[in-house]
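The data block below is input-v8.csv; it holds CSV, C-alpha atoms.
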```
chain,number,residue,atom,x,y,z
A,1,MET,CA,11.7,24.4,-23.4
A,2,THR,CA,12.4,21.7,-20.8
A,3,GLN,CA,12.4,22.8,-17.2
A,4,LEU,CA,15.2,21.5,-15.0
A,5,ILE,CA,14.0,19.6,-12.0
A,6,THR,CA,16.1,19.9,-8.9
A,7,SER,CA,13.6,19.0,-6.2
A,8,PRO,CA,13.3,15.4,-5.1
A,9,GLU,CA,9.6,16.0,-4.4
A,10,LYS,CA,8.9,17.3,-7.9
A,11,PHE,CA,11.0,14.4,-9.4
A,12,ALA,CA,9.0,11.8,-7.4
A,13,VAL,CA,5.7,13.4,-8.7
A,14,LEU,CA,7.0,13.4,-12.3
A,15,PHE,CA,8.2,9.8,-12.1
A,16,ASN,CA,4.9,8.6,-10.6
A,17,ALA,CA,3.0,10.4,-13.3
A,18,LYS,CA,5.1,9.1,-16.2
A,19,MET,CA,5.4,5.6,-14.9
A,20,PRO,CA,2.0,4.7,-13.5
A,21,GLY,CA,2.6,1.0,-14.2
A,22,ALA,CA,5.9,0.8,-12.3
A,23,TYR,CA,6.3,-1.9,-9.6
A,24,GLY,CA,5.9,0.8,-6.9
A,25,GLN,CA,5.5,4.5,-6.4
A,26,VAL,CA,8.5,6.4,-5.3
A,27,THR,CA,8.6,9.1,-2.6
A,28,ALA,CA,10.8,12.1,-2.2
A,29,ASP,CA,12.8,10.2,0.5
A,30,ASN,CA,13.5,7.4,-2.1
A,31,ILE,CA,14.7,10.0,-4.5
A,32,ARG,CA,16.9,11.7,-1.9
A,33,GLU,CA,18.5,8.3,-1.0
A,34,MET,CA,19.2,7.5,-4.7
A,35,THR,CA,20.7,11.0,-5.1
A,36,THR,CA,22.9,10.6,-2.1
A,37,CYS,CA,24.2,7.3,-3.4
A,38,GLY,CA,25.0,8.9,-6.7
A,39,LEU,CA,22.6,6.8,-8.7
A,40,ILE,CA,20.6,9.8,-10.0
A,41,GLY,CA,20.8,13.6,-10.0
A,42,ARG,CA,24.6,13.5,-10.6
A,43,TYR,CA,24.6,16.9,-12.3
A,44,GLY,CA,22.7,18.7,-9.6
A,45,TYR,CA,19.4,18.2,-11.4
A,46,PHE,CA,17.4,15.2,-12.8
A,47,ILE,CA,17.5,14.1,-16.4
A,48,HIS,CA,15.4,11.7,-18.4
A,49,LEU,CA,18.0,9.0,-17.8
A,50,ASP,CA,17.3,9.3,-14.1
A,51,ILE,CA,13.6,8.3,-14.8
A,52,GLU,CA,14.9,5.2,-16.6
A,53,THR,CA,17.3,4.4,-13.7
A,54,VAL,CA,14.6,4.6,-11.1
A,55,ARG,CA,12.3,2.5,-13.3
A,56,ALA,CA,15.1,-0.2,-13.6
A,57,ILE,CA,15.7,-0.2,-9.8
A,58,LEU,CA,12.0,-0.7,-9.2
A,59,GLN,CA,11.9,-3.5,-11.8
A,60,TYR,CA,14.9,-5.2,-10.1
A,61,GLU,CA,13.2,-4.9,-6.7
A,62,GLN,CA,10.2,-6.7,-8.2
A,63,LEU,CA,12.4,-9.7,-9.2
```

Using structure tokens, write down the structure that the file contains.
Amino acid sequence: MTQLITSPEKFAVLFNAKMPGAYGQVTADNIREMTTCGLIGRYGYFIHLDIETVRAILQYEQL
């Protein structure tokens, strides 16, 4: 069973573990900012699509 992640801290740790080759590591503050803007965590918890969204944002920053 998949556990719902609602904590920006836990999501940052999960992202950094799943995407070690990403342009940069994210912090809980980064995740909070993206959540506040409505980019991720739109349902009150984080889903797999949110990992891809953060990855794409980091990729865009790299360009």

Using all atoms listed in the file, can you list as an mmCIF file with C-alpha atoms, keeping the file's coordinate frame the residues within 12 Å of (9.9, -0.5, -10.5)?
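For reference, selection.cif as written:
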```cif
data_model
loop_
_atom_site.group_PDB
_atom_site.id
_atom_site.type_symbol
_atom_site.label_atom_id
_atom_site.label_comp_id
_atom_site.auth_asym_id
_atom_site.auth_seq_id
_atom_site.Cartn_x
_atom_site.Cartn_y
_atom_site.Cartn_z
ATOM 1 C CA PHE A 15 8.200 9.800 -12.100
ATOM 2 C CA ASN A 16 4.900 8.600 -10.600
ATOM 3 C CA MET A 19 5.400 5.600 -14.900
ATOM 4 C CA PRO A 20 2.000 4.700 -13.500
ATOM 5 C CA GLY A 21 2.600 1.000 -14.200
ATOM 6 C CA ALA A 22 5.900 0.800 -12.300
ATOM 7 C CA TYR A 23 6.300 -1.900 -9.600
ATOM 8 C CA GLY A 24 5.900 0.800 -6.900
ATOM 9 C CA GLN A 25 5.500 4.500 -6.400
ATOM 10 C CA VAL A 26 8.500 6.400 -5.300
ATOM 11 C CA ILE A 51 13.600 8.300 -14.800
ATOM 12 C CA GLU A 52 14.900 5.200 -16.600
ATOM 13 C CA THR A 53 17.300 4.400 -13.700
ATOM 14 C CA VAL A 54 14.600 4.600 -11.100
ATOM 15 C CA ARG A 55 12.300 2.500 -13.300
ATOM 16 C CA ALA A 56 15.100 -0.200 -13.600
ATOM 17 C CA ILE A 57 15.700 -0.200 -9.800
ATOM 18 C CA LEU A 58 12.000 -0.700 -9.200
ATOM 19 C CA GLN A 59 11.900 -3.500 -11.800
ATOM 20 C CA TYR A 60 14.900 -5.200 -10.100
ATOM 21 C CA GLU A 61 13.200 -4.900 -6.700
ATOM 22 C CA GLN A 62 10.200 -6.700 -8.200
ATOM 23 C CA LEU A 63 12.400 -9.700 -9.200
#
```

| message | With only C-alpha atoms as the counted atoms, please give the residues lying no more than 12 Å from A:Ile47, apart from itself and same-chain residues fewer than 2 positions off, as a ChimeraX atom specification. | response | /A:2-7,11,14-15,39-45,49-54

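Going from atom CA of A:Pro8 over to atom CA of A:Ala28, you cover 5.1 Å.
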
Could you add whatever atoms are missing so that stretch 42-53 of chain A carries all heavy atoms, then write the result as a short mmCIF file (atom, residue, chain, number, x, y, z; two decimals), in the frame of the given file?
```
data_model
loop_
_atom_site.label_atom_id
_atom_site.label_comp_id
_atom_site.auth_asym_id
_atom_site.auth_seq_id
_atom_site.Cartn_x
_atom_site.Cartn_y
_atom_site.Cartn_z
N ARG A 42 23.10 13.28 -10.73
CA ARG A 42 24.60 13.50 -10.60
C ARG A 42 25.02 14.88 -11.07
O ARG A 42 26.12 15.28 -10.78
CB ARG A 42 25.27 12.42 -11.45
CG ARG A 42 25.10 11.03 -10.87
CD ARG A 42 25.72 9.97 -11.75
NE ARG A 42 25.05 9.80 -13.03
CZ ARG A 42 23.97 9.05 -13.22
NH1 ARG A 42 23.43 8.42 -12.23
NH2 ARG A 42 23.43 8.94 -14.42
N TYR A 43 24.17 15.59 -11.78
CA TYR A 43 24.60 16.90 -12.30
C TYR A 43 23.95 18.05 -11.49
O TYR A 43 24.02 19.20 -11.90
CB TYR A 43 24.16 17.04 -13.77
CG TYR A 43 24.70 15.89 -14.60
CD1 TYR A 43 23.86 14.87 -15.03
CD2 TYR A 43 26.05 15.83 -14.93
CE1 TYR A 43 24.36 13.81 -15.78
CE2 TYR A 43 26.55 14.77 -15.67
CZ TYR A 43 25.70 13.77 -16.08
OH TYR A 43 26.19 12.72 -16.82
N GLY A 44 23.31 17.72 -10.38
CA GLY A 44 22.70 18.70 -9.60
C GLY A 44 21.20 18.93 -9.97
O GLY A 44 20.49 19.73 -9.39
N TYR A 45 20.77 18.19 -10.98
CA TYR A 45 19.40 18.20 -11.40
C TYR A 45 19.10 16.82 -12.02
O TYR A 45 20.00 16.02 -12.22
CB TYR A 45 19.10 19.31 -12.43
CG TYR A 45 20.02 19.31 -13.61
CD1 TYR A 45 19.73 18.59 -14.76
CD2 TYR A 45 21.21 20.04 -13.59
CE1 TYR A 45 20.58 18.58 -15.84
CE2 TYR A 45 22.07 20.04 -14.68
CZ TYR A 45 21.75 19.31 -15.79
OH TYR A 45 22.60 19.29 -16.87
N PHE A 46 17.84 16.54 -12.26
CA PHE A 46 17.40 15.20 -12.80
C PHE A 46 17.21 15.30 -14.27
O PHE A 46 16.69 16.27 -14.79
CB PHE A 46 16.16 14.77 -12.06
CG PHE A 46 16.33 14.67 -10.56
CD1 PHE A 46 15.84 15.66 -9.73
CD2 PHE A 46 17.01 13.61 -10.00
CE1 PHE A 46 16.01 15.60 -8.37
CE2 PHE A 46 17.19 13.53 -8.62
CZ PHE A 46 16.68 14.53 -7.81
N ILE A 47 17.65 14.24 -14.96
CA ILE A 47 17.50 14.10 -16.40
C ILE A 47 16.62 12.93 -16.74
O ILE A 47 16.29 12.13 -15.86
CB ILE A 47 18.85 14.07 -17.12
CG1 ILE A 47 19.64 12.84 -16.66
CG2 ILE A 47 19.66 15.34 -16.88
CD1 ILE A 47 20.96 12.62 -17.39
N HIS A 48 16.26 12.80 -18.01
CA HIS A 48 15.40 11.70 -18.40
C HIS A 48 16.03 10.33 -18.08
O HIS A 48 15.33 9.40 -17.70
CB HIS A 48 15.13 11.76 -19.95
CG HIS A 48 14.26 10.65 -20.42
ND1 HIS A 48 12.91 10.59 -20.15
CD2 HIS A 48 14.56 9.52 -21.10
CE1 HIS A 48 12.41 9.48 -20.65
NE2 HIS A 48 13.39 8.82 -21.25
N LEU A 49 17.32 10.22 -18.19
CA LEU A 49 18.00 9.00 -17.80
C LEU A 49 17.74 8.59 -16.39
O LEU A 49 17.66 7.40 -16.07
CB LEU A 49 19.51 9.11 -18.10
CG LEU A 49 20.35 7.88 -17.82
CD1 LEU A 49 19.90 6.70 -18.69
CD2 LEU A 49 21.81 8.18 -18.08
N ASP A 50 17.56 9.57 -15.52
CA ASP A 50 17.30 9.30 -14.10
C ASP A 50 15.92 8.59 -13.97
O ASP A 50 15.75 7.71 -13.12
CB ASP A 50 17.31 10.55 -13.27
CG ASP A 50 18.71 11.16 -13.21
OD1 ASP A 50 19.69 10.40 -13.25
OD2 ASP A 50 18.80 12.40 -13.13
N ILE A 51 14.95 8.95 -14.80
CA ILE A 51 13.60 8.30 -14.80
C ILE A 51 13.84 6.81 -15.13
O ILE A 51 13.29 5.92 -14.47
CB ILE A 51 12.65 8.95 -15.74
CG1 ILE A 51 12.27 10.34 -15.21
CG2 ILE A 51 11.40 8.09 -15.93
CD1 ILE A 51 11.41 11.16 -16.14
N GLU A 52 14.63 6.55 -16.15
CA GLU A 52 14.90 5.20 -16.60
C GLU A 52 15.65 4.40 -15.48
O GLU A 52 15.41 3.21 -15.26
CB GLU A 52 15.64 5.14 -17.88
CG GLU A 52 14.83 5.64 -19.04
CD GLU A 52 13.56 4.84 -19.26
OE1 GLU A 52 13.60 3.59 -19.15
OE2 GLU A 52 12.51 5.44 -19.53
N THR A 53 16.56 5.06 -14.80
CA THR A 53 17.30 4.40 -13.70
C THR A 53 16.40 4.01 -12.59
O THR A 53 16.48 2.89 -12.08
CB THR A 53 18.44 5.35 -13.21
OG1 THR A 53 19.32 5.67 -14.30
CG2 THR A 53 19.23 4.70 -12.09
#
```
